[in-house]
Amino acid sequence: MSSSKHSSSQLRVGDSPLIKWLLIGLTLFLTTILLVVPLIAIFQQAFVEGAAHYFNSLIEADTLHAIGLTLVVAALTVPINLVFGVMLAWAVTRFEFPGRKILMTLMDIPFAVSPVVAGLLYLLLYGNNGWIGSWLYDQDIQLMFAWPGIVMVTVFVTCPFVARELIPLMQQQGREDEEAAVILGASGWQLFRRVTLPNIKWALIYGVILTNARAVGEFGAVSVVSGNIRGETNTLPLLVQAQYEDYQAAAAFASASLLAMIALLTLLLKAFIEWRQERSLKIEAEKERQVTQ
Amino acid sequence: MGKYMATHLSAAETRPRHKRVLPGLSLSLGTSLLFISLILLLPMSGLVMQSVDMGWDRYWQVISDERVVASYKVTLWAALIASVFNGFFGLLLAWVLVRYEFPGRRILDALVDLPFALPTAVAGITLATLYAQNGWYGEILESLGLKVAYTPWGIVLAMAFTSIPFVVRTVQPVLEELSPEEEEAGMTLGASDWSVFRRVIFPALWPALMTGIALSFTRSLGEFGAVIFIAGNMPYVSEITSLMIFVSLQEFDFPAASAIASVVLMASLVLLFAINIWQARYLRRLHGRS
């Protein structure tokens, strides 16, 4: 960076065109290498043996089954974690109680724990040798190496997302609106639906999208508890691995391209939500300005 | 739990300003505690019991096994290099996204989250294909005499890829809210860009930067899906600790898997608590100033 004196017209660090375009150029270069090219490569590899091969590998029975199972897992995981996330966010942002901080730290554990460890935790408890699993085995209930186990570990891995999006927002918004509604006689459900929900709507949607993206793509934890039975307990990420290790690279990338499309959709929805939020903030600021005038 | 609520109620009654009018404490707190106990604490107790059952000698033997110790080293080093790289790259990305207007800025901003949204197994096979000897990047690197795929550098690469967003997303909001006065004063007095950055901006950013690097490090330690495809998984050379757990499980050696997992779990819990305490402290300092 230059050590020469600047004219007083430049007020902020890095505003000189040379530094500005150097930094932008470097960023775009690194982002292209690290993010853009891999993204393109997924689709290029998927179509490397032609479009016919691509679509044929997607309609294979194993692939269709994996898609179905992945959707079922996400459809069960998202509502569970939606309810939990809202409950937890309500408890920790609307009330003071001892152990509140500990509760919030506990909620972060699934973020910090290796997914393989997460899978192992469930296998130890609910597997046929585990102390709950052995009892379930006697009742002829099999959770591990079957779809319920996949749902359980996915719930574990994705449980912090909704709460994490809601807590900072609800803390910032405070409880005045809700307290006013209660004093005016709103019931608990009315309060939530008419006052809280409109305020947290976008953060809630974003939390759901993130939960869904992780639920669809979870690999480590699921591979520990799934047993990898093709056409039975293979989710889409596990199928990607199975095909890749079978030297069916094009088929693996075809399956991967579906997951990549979900990821792109997630990013698009996120950008849209941020745009909406920025716009509503601007409108509010404009209103306030007019009121003060 | 009942006792806690009772103390809370009496405290609320004595301080009318904080009188609790909102409904749903027992419902929301009860559901949260039940959920956390069922899906988090109960399974963790299973791990503790399994580790206690095996006895100290066997436990120590498993966790200090030469191959496992080699995996700790590889994992720690790779995670450290990956998170330090992301410290630089993330700071650069955050700076460019906050400070400059240019075509494609919104797309770049959205793209930063790709590693979070993309399933790790997809990232793994893609990086392995790109950096393999006959891949787009592998060929170039080969001609330079470098090898990334199926070496410990592949692990670093996969870890760096999956944790790119952490530093960007922790530094970005702090950079946005930085007040311009001090910076402008420095610039008006004729100090260079670099010295104003070093003396004014960096001190305000570094708590967020450290938090981002620590989060990136924690995530990298646990990364599995992206790593195993590109690591080559050679014993003593490029096996990560998560893989050692996975291998023990495939051999149905549950005690060994649990012992190694308990080490990983303790390491990540210590890191998580340290990050939370650190964050609380610097947030308090920030609020204290304003």
# chains A, B, ... in the order shown; residues from 1 in each chain; ligands from 1

$ closest_atom_pairs --of "chain B" --to "chain A" --cutoff "6 Å" --atoms "only C-alpha atoms" --output "CSV"
residue,atom,partner,partner_atom,distance
B:Ser28,CA,A:Met87,CA,4.5
B:Leu29,CA,A:Ala91,CA,5.3
B:Ser32,CA,A:Leu88,CA,5.3
B:Pro43,CA,A:Leu121,CA,5.1
B:Gly46,CA,A:Leu125,CA,5.6
B:Ala110,CA,A:Leu267,CA,5.9
B:Ala117,CA,A:Ala263,CA,4.8
B:Leu118,CA,A:Ala263,CA,5.2
B:Pro119,CA,A:Gly217,CA,4.3
B:Val122,CA,A:Ala256,CA,5.6
B:Glu184,CA,A:Leu11,CA,5.1
B:Met187,CA,A:Leu11,CA,5.9
B:Thr188,CA,A:Ser8,CA,5.5
B:Gly190,CA,A:Lys5,CA,5.5
B:Ser192,CA,A:Ser3,CA,5.1
B:Asp193,CA,A:Val13,CA,5.1
B:Gly222,CA,A:Ser114,CA,3.9
B:Gly225,CA,A:Gly220,CA,5.8
B:Ala261,CA,A:Val117,CA,5.8
B:Ser268,CA,A:Ala112,CA,5.8

$ write_last_selection --atoms "N, CA and C atoms" --output "CSV table (one decimal), in the first residue's frame"
chain,number,residue,atom,x,y,z
B,28,SER,N,-43.1,-22.5,26.4
B,28,SER,CA,-41.9,-22.4,25.6
B,28,SER,C,-40.6,-22.9,26.3
B,29,LEU,N,-40.5,-22.6,27.6
B,29,LEU,CA,-39.3,-23.1,28.2
B,29,LEU,C,-39.4,-24.6,28.4
B,32,SER,N,-38.6,-26.3,25.1
B,32,SER,CA,-37.2,-26.2,24.8
B,32,SER,C,-36.3,-27.1,25.7
B,43,PRO,N,-28.5,-38.3,24.3
B,43,PRO,CA,-27.5,-39.0,23.5
B,43,PRO,C,-26.0,-38.7,24.0
B,46,GLY,N,-25.1,-41.1,26.7
B,46,GLY,CA,-24.7,-42.4,26.2
B,46,GLY,C,-23.2,-42.5,25.9
B,110,ALA,N,-24.1,-12.8,-2.3
B,110,ALA,CA,-24.9,-14.1,-2.2
B,110,ALA,C,-24.1,-15.3,-2.3
B,117,ALA,N,-24.5,-23.5,1.9
B,117,ALA,CA,-25.7,-24.1,1.3
B,117,ALA,C,-25.4,-25.4,0.5
B,118,LEU,N,-24.2,-25.5,0.0
B,118,LEU,CA,-23.9,-26.7,-0.8
B,118,LEU,C,-23.5,-27.9,0.1
B,119,PRO,N,-24.2,-29.0,-0.1
B,119,PRO,CA,-23.9,-30.2,0.8
B,119,PRO,C,-22.4,-30.5,0.7
B,122,VAL,N,-21.1,-32.9,-1.9
B,122,VAL,CA,-21.0,-32.4,-3.3
B,122,VAL,C,-19.7,-31.6,-3.4
B,184,GLU,N,-11.7,9.5,9.2
B,184,GLU,CA,-11.6,10.7,8.4
B,184,GLU,C,-10.6,11.7,9.0
B,187,MET,N,-7.2,10.5,8.0
B,187,MET,CA,-6.9,10.8,6.6
B,187,MET,C,-6.7,12.3,6.3
B,188,THR,N,-7.5,13.1,7.0
B,188,THR,CA,-7.3,14.5,6.8
B,188,THR,C,-6.0,15.0,7.3
B,190,GLY,N,-3.4,13.5,7.0
B,190,GLY,CA,-2.4,13.1,6.0
B,190,GLY,C,-1.7,11.8,6.3
B,192,SER,N,-1.2,7.7,6.0
B,192,SER,CA,-1.4,6.9,4.9
B,192,SER,C,-2.5,5.9,5.1
B,193,ASP,N,-3.1,5.4,4.0
B,193,ASP,CA,-4.1,4.4,4.1
B,193,ASP,C,-3.8,3.3,5.1
B,222,GLY,N,-14.4,-30.3,12.7
B,222,GLY,CA,-15.4,-31.3,12.6
B,222,GLY,C,-15.8,-31.6,11.2
B,225,GLY,N,-17.5,-34.6,5.4
B,225,GLY,CA,-18.0,-34.9,4.1
B,225,GLY,C,-17.0,-34.3,3.0
B,261,ALA,N,-14.3,-40.1,20.0
B,261,ALA,CA,-15.3,-39.1,19.8
B,261,ALA,C,-15.4,-38.2,21.1
B,268,SER,N,-14.3,-29.6,21.1
B,268,SER,CA,-15.3,-28.6,20.5
B,268,SER,C,-16.1,-27.9,21.5

$ select_by_dssp --residues "range 24-172 of chain B" --states "helix (DSSP H, G or I)" --output "NGL selection string"
:B and (25-53 or 56-63 or 66-99 or 105-111 or 114-117 or 120-131 or 136-143 or 152-162 or 164-172)

$ closest_residue --among "B:Gly90, B:Gly104, B:Gly154, B:Gly24" --to "Leu209 in chain B" --atoms "only C-alpha atoms"
B:Gly90

$ residues_around --residues "Arg276 in chain A" --least-positions-apart "5" --cutoff "12 Å" --atoms "only C-alpha atoms" --output "ChimeraX atom specification"
/A:201-203,206,269-271,281-283

$ residues_around --residues "Val72 in chain A" --least-positions-apart "4" --cutoff "12 Å" --atoms "only C-alpha atoms" --output "list in words"
His65, Ala66, Ile67, Gly68, Leu76, Thr77, Val78, Pro79, Trp147, Pro148, Ile150, Val151, Thr154, Asn212, Ala215, Val216, Thr233, Thr235 and Leu236 of chain A

$ write_last_selection --atoms "N, CA and C atoms" --output "mmCIF file, in the first residue's frame"
data_model
loop_
_atom_site.group_PDB
_atom_site.id
_atom_site.type_symbol
_atom_site.label_atom_id
_atom_site.label_comp_id
_atom_site.auth_asym_id
_atom_site.auth_seq_id
_atom_site.Cartn_x
_atom_site.Cartn_y
_atom_site.Cartn_z
ATOM 1 N N HIS A 65 -35.543 -43.143 -5.552
ATOM 2 C CA HIS A 65 -35.782 -43.475 -4.154
ATOM 3 C C HIS A 65 -35.015 -42.535 -3.232
ATOM 4 N N ALA A 66 -33.767 -42.248 -3.591
ATOM 5 C CA ALA A 66 -32.950 -41.348 -2.764
ATOM 6 C C ALA A 66 -33.569 -39.949 -2.711
ATOM 7 N N ILE A 67 -34.064 -39.487 -3.859
ATOM 8 C CA ILE A 67 -34.714 -38.164 -3.884
ATOM 9 C C ILE A 67 -35.920 -38.179 -2.949
ATOM 10 N N GLY A 68 -36.736 -39.232 -3.062
ATOM 11 C CA GLY A 68 -37.927 -39.331 -2.221
ATOM 12 C C GLY A 68 -37.581 -39.336 -0.740
ATOM 13 N N LEU A 76 -39.946 -33.867 7.440
ATOM 14 C CA LEU A 76 -40.175 -34.150 8.853
ATOM 15 C C LEU A 76 -39.307 -33.266 9.746
ATOM 16 N N THR A 77 -38.078 -33.016 9.289
ATOM 17 C CA THR A 77 -37.123 -32.271 10.113
ATOM 18 C C THR A 77 -37.516 -30.803 10.254
ATOM 19 N N VAL A 78 -37.877 -30.182 9.139
ATOM 20 C CA VAL A 78 -38.116 -28.739 9.153
ATOM 21 C C VAL A 78 -39.227 -28.339 10.128
ATOM 22 N N PRO A 79 -40.425 -28.975 10.098
ATOM 23 C CA PRO A 79 -41.463 -28.556 11.056
ATOM 24 C C PRO A 79 -41.054 -28.753 12.514
ATOM 25 N N TRP A 147 -34.890 -45.321 8.174
ATOM 26 C CA TRP A 147 -35.172 -43.902 7.975
ATOM 27 C C TRP A 147 -35.430 -43.092 9.242
ATOM 28 N N PRO A 148 -36.042 -43.692 10.317
ATOM 29 C CA PRO A 148 -36.242 -42.844 11.504
ATOM 30 C C PRO A 148 -34.916 -42.327 12.082
ATOM 31 N N ILE A 150 -32.242 -41.620 10.420
ATOM 32 C CA ILE A 150 -31.771 -40.526 9.562
ATOM 33 C C ILE A 150 -32.477 -39.227 9.948
ATOM 34 N N VAL A 151 -33.782 -39.322 10.203
ATOM 35 C CA VAL A 151 -34.523 -38.121 10.607
ATOM 36 C C VAL A 151 -33.994 -37.613 11.953
ATOM 37 N N THR A 154 -30.701 -35.854 11.635
ATOM 38 C CA THR A 154 -30.859 -34.615 10.876
ATOM 39 C C THR A 154 -31.492 -33.532 11.747
ATOM 40 N N ASN A 212 -33.722 -26.377 5.898
ATOM 41 C CA ASN A 212 -34.003 -27.266 4.782
ATOM 42 C C ASN A 212 -32.727 -27.595 4.003
ATOM 43 N N ALA A 215 -30.701 -29.963 6.011
ATOM 44 C CA ALA A 215 -31.374 -31.255 6.160
ATOM 45 C C ALA A 215 -31.233 -32.081 4.882
ATOM 46 N N VAL A 216 -31.352 -31.411 3.753
ATOM 47 C CA VAL A 216 -31.242 -32.094 2.469
ATOM 48 C C VAL A 216 -29.808 -32.571 2.234
ATOM 49 N N THR A 233 -31.962 -46.989 2.362
ATOM 50 C CA THR A 233 -31.627 -45.948 3.338
ATOM 51 C C THR A 233 -30.603 -44.960 2.778
ATOM 52 N N THR A 235 -29.820 -41.499 1.277
ATOM 53 C CA THR A 235 -30.315 -40.174 0.909
ATOM 54 C C THR A 235 -29.482 -39.705 -0.289
ATOM 55 N N LEU A 236 -29.848 -38.569 -0.833
ATOM 56 C CA LEU A 236 -29.152 -38.088 -2.024
ATOM 57 C C LEU A 236 -27.639 -37.892 -1.794
#

$ atom_distance --atom1 "CA of Ile63 in chain B" --atom2 "CA of Ala259 in chain B"
6.4 Å

$ atom_distance --atom1 "CA of Arg99 in chain B" --atom2 "CA of Arg289 in chain A"
25.7 Å

$ residues_around --residues "Ser163 in chain B" --least-positions-apart "3" --cutoff "12 Å" --atoms "only C-alpha atoms" --output "ChimeraX atom specification"
/A:34-35 /B:79-87,89-90,112-118,120,123,156-160,166-169,212-223,226

$ residues_around --residues "Pro152 in chain B" --least-positions-apart "5" --cutoff "8 Å" --atoms "only C-alpha atoms" --output "VMD selection string"
chain B and resid 74 78 231 237 to 238

$ closest_residue --among "B:Thr151, B:Thr31, B:Ser51, B:Thr162" --to "Ala257 in chain B" --atoms "only C-alpha atoms"
B:Ser51
